[in-house]
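Asks: Attaching a single structure in structure tokens format; questions to follow.
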Amino acid sequence: MAAGLAAWLFVIIWASGFVVARGISGKIDPYLFLLLRFSSVLVIFMAIMLAMRIPIPARRDQWRLLGIGALMQGFYLGPGFWAVSQGLEAGIMALMGAMQPALTAMLAWHFLKERTSGRTIAGLMIGIAGVALAVSPGIAQSAPGSGVAPMVILAAVFSISSITAGTVLQKSSIVSVPLLSAITLQTLGAVLVMLVMNLIFGQWTASLTPSILFYLAYAVLVLSIGGFTLLTWLVRSGSATRASSLLLVVPPLAAMMSWWLYDESLGPVQVGGFAVALAGVLLARSSTT
């Protein structure tokens with residue numbers, strides 16, 4: 001029961017991350033925003049660890065955790081932001097992201113020996129179809145002939161591959177490390193990646209207006225401390241495939257949130273896509289074997 005509630009709470013939180021990205025657009029450099037976000041989270045987690053006297057993981061696990069954090073947060077969000085900023089349609093990025101649960105299932109089957117039932121596979125395929133349906137209006141309205149450089153596509157593929165690899169590694173090697181210690185080291189990995197990306201792509205000037213500070217506080221407390229902690233717990237306590245299948249319903253739900261908050265268009269095709277994606281996720285999560 002608790003795991004089920006945590007799973008759907010994670011979906012709502014993760015989907016709201018797209019709303020935050022929409023809210024800060026044009027107001028602050030996204031790479032600087034992500035660096036501030038992860039750095040703030042790191043300070044909070046370190047303070048909690050000191051207050052509770054939680055030990056630092058063994059050196060062998062430290063490197064693994066840094067790598068997982070770099071993959072699941074830094075290399076996932078950074079290249080994804082860059083690809084969209086270089087002209088890749090957000091709908092196409094969402095559609096590529098919908099492939100992540102299927103890729104996770106394949107890697108988990110190969111490396112973790114997770115058994116994936118026919119029902120789960122069918123659910124993943126239905127979920128991908130739902131995401132495709134939900135984002136199809138936005139893709140159809142994109143400017144025709146606006147070619148996207150191969151490097152941009154590679155960045156998007158790298159982004160999705162990073163969170164996929166990080167999800168599998170999250171399950172495979174460090175499940176014995178206490179959750180808070182694991183997330184703290186993973187956040188440090190994300191900070192290091194975003195520091196490098198800021199040096200290459202970022203702009204170091206920003207006006208921290210009340211709205212930016214609100215979005216930053218929300219990203220720190222809800223998206224990172226709440227959402228990423230839930231994702232980490234879901235992956236470590238259950239099947240990597242079941243946990244990642246939740247990501248299928250995120251893009252359609254984010255579109256509905258943007259419609260409600262920013263009055264963006266939301267037609268019957270998008271609502272239908274959300275329903276199909278939700279049905280696929282429910283089917284995929286209805287069986288563990």
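Chain labels A, B, ... are given in the sequence in which chains occur in the structure tokens; within each chain residues are numbered consecutively from 1, and ligands are likewise numbered from 1 in the order shown.
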Mind checking which residues fall within 6 Å of region 268-273 of chain A, counting only C-alpha atoms, ignoring those fewer than 6 positions away in the same chain, and posting them as a list of chain:residue names?
Replies: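 In the requested form, the answer reads A:Gly130, A:Val131, A:Leu133, A:Ala134.
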Asks: Would you kindly return, as an NGL selection string, each protein, DNA or RNA residue with an atom no farther than 9 Å from any atom of Met46 (chain A), considering only C-alpha atoms and excluding same-chain residues fewer than 4 positions away?
Replies: :A and (41-42 or 50-51 or 181 or 184)
Asks: I'd like the neighbourhood of Arg22 (chain A) as a list of chain:residue names, where a residue qualifies if any of its atoms comes within 12 Å (using only C-alpha atoms), though same-chain residues fewer than 3 positions away should be ignored.
Replies: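 Returned residues: A:Ala15, A:Ser16, A:Gly17, A:Phe18, A:Val19, A:Ser25, A:Gly26, A:Lys27, A:Ile28, A:Pro30, A:Phe81, A:Ala90, A:Ile212, A:Tyr215, A:Ala254, A:Ala255, A:Met257, A:Ser258, A:Trp259, A:Leu261, A:Tyr262, A:Glu264.
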Asks: Restricting the calculation to only C-alpha atoms, which member of A:Gly23, A:Pro137, A:Pro101, A:Gly118 is positioned closest to Thr241 (chain A)?
Replies: A:Pro101
Asks: Which residues come within 12 Å of Leu282 (chain A), counting only C-alpha atoms, excluding same-chain residues fewer than 5 positions away, as a count of residues only?
Replies: 23
Asks: Contacts of Leu230 (chain A) at 12 Å or less, counting only C-alpha atoms, minus same-chain residues fewer than 6 places along, as a list in words?
Replies: Ala2, Ala3, Gly4, Leu5, Ala6, Ala7, Trp8, Leu9, Phe10, Val11, Ile12, Ile13, Trp14, Leu179, Leu180, Ile183, Val222, Leu223, Ser224, Arg236, Ser237, Gly238, Ala243, Ser244 and Leu246 of chain A
Asks: Give the helix (DSSP H, G or I) residues of region 77-163 of chain A, as DSSP finds them on the backbone, and put them as a ChimeraX atom specification.
Replies: /A:77-85,90-97,100-111,118-140,150-163
Asks: Need to verify the contact set: region 201-211 of chain A, 7 Å, only C-alpha atoms, exclusion of same-chain residues closer than 6 positions in sequence. Can you return it as a VMD selection string?
Replies: chain A and resid 28 to 29 31 to 32
Asks: Considering only C-alpha atoms, state which residue in the set A:Ala21, A:Ala132, A:Leu88, A:Met106 is at the smallest distance from Pro150 (chain A).
Replies: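 Comparing A:Ala21, A:Ala132, A:Leu88, A:Met106 against Pro150 (chain A), the winner is A:Leu88.
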Asks: Just the residues within 10 Å of Ala108 (chain A), please, counting only C-alpha atoms, with nothing from its chain fewer than 4 positions along; format it as a PDB file with C-alpha atoms, in the first residue's frame.
Replies:
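Once everything was written out, this is part-v3.pdb:
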ATOM      1  CA  ALA A 102      11.788  -0.417 -22.177  1.00  0.00           C
ATOM      2  CA  LEU A 103      15.568   0.070 -22.213  1.00  0.00           C
ATOM      3  CA  THR A 104      15.647  -0.367 -18.445  1.00  0.00           C
ATOM      4  CA  LEU A 112      20.104  -8.040 -12.898  1.00  0.00           C
ATOM      5  CA  LYS A 113      18.349 -11.176 -14.125  1.00  0.00           C
ATOM      6  CA  GLU A 114      14.971  -9.519 -13.533  1.00  0.00           C
ATOM      7  CA  ARG A 115      12.176 -11.541 -15.073  1.00  0.00           C
ATOM      8  CA  THR A 116       9.814  -9.453 -17.185  1.00  0.00           C
ATOM      9  CA  THR A 164      18.607   4.269 -17.865  1.00  0.00           C
ATOM     10  CA  ALA A 165      22.118   3.174 -16.887  1.00  0.00           C
ATOM     11  CA  THR A 167      18.579   3.274 -12.742  1.00  0.00           C
ATOM     12  CA  VAL A 168      20.066  -0.166 -13.333  1.00  0.00           C
ATOM     13  CA  LEU A 169      23.220   0.645 -11.354  1.00  0.00           C
ATOM     14  CA  LYS A 171      19.568  -1.422  -8.158  1.00  0.00           C
ATOM     15  CA  SER A 172      22.669  -3.496  -8.753  1.00  0.00           C
ATOM     16  CA  SER A 239      11.934  -3.915  -9.652  1.00  0.00           C
ATOM     17  CA  ALA A 240      13.910  -1.429 -11.735  1.00  0.00           C
ATOM     18  CA  THR A 241      11.490  -2.013 -14.606  1.00  0.00           C
TER      19      THR A 241
END
Asks: So the first atom is CA of Leu65 (chain A) and the second is CA of Ile48 (chain A); what is the distance between them in Å, to one decimal place?
Replies: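 Interatomic distance, CA of Leu65 (chain A) to CA of Ile48 (chain A): 18.0 Å.
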Asks: Which of these residues is nearest to Leu34 (chain A), using only C-alpha atoms: A:Leu283, A:Val193, A:Ile200, A:Val152?
Replies: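 Result for the nearest residue to Leu34 (chain A): A:Val193.
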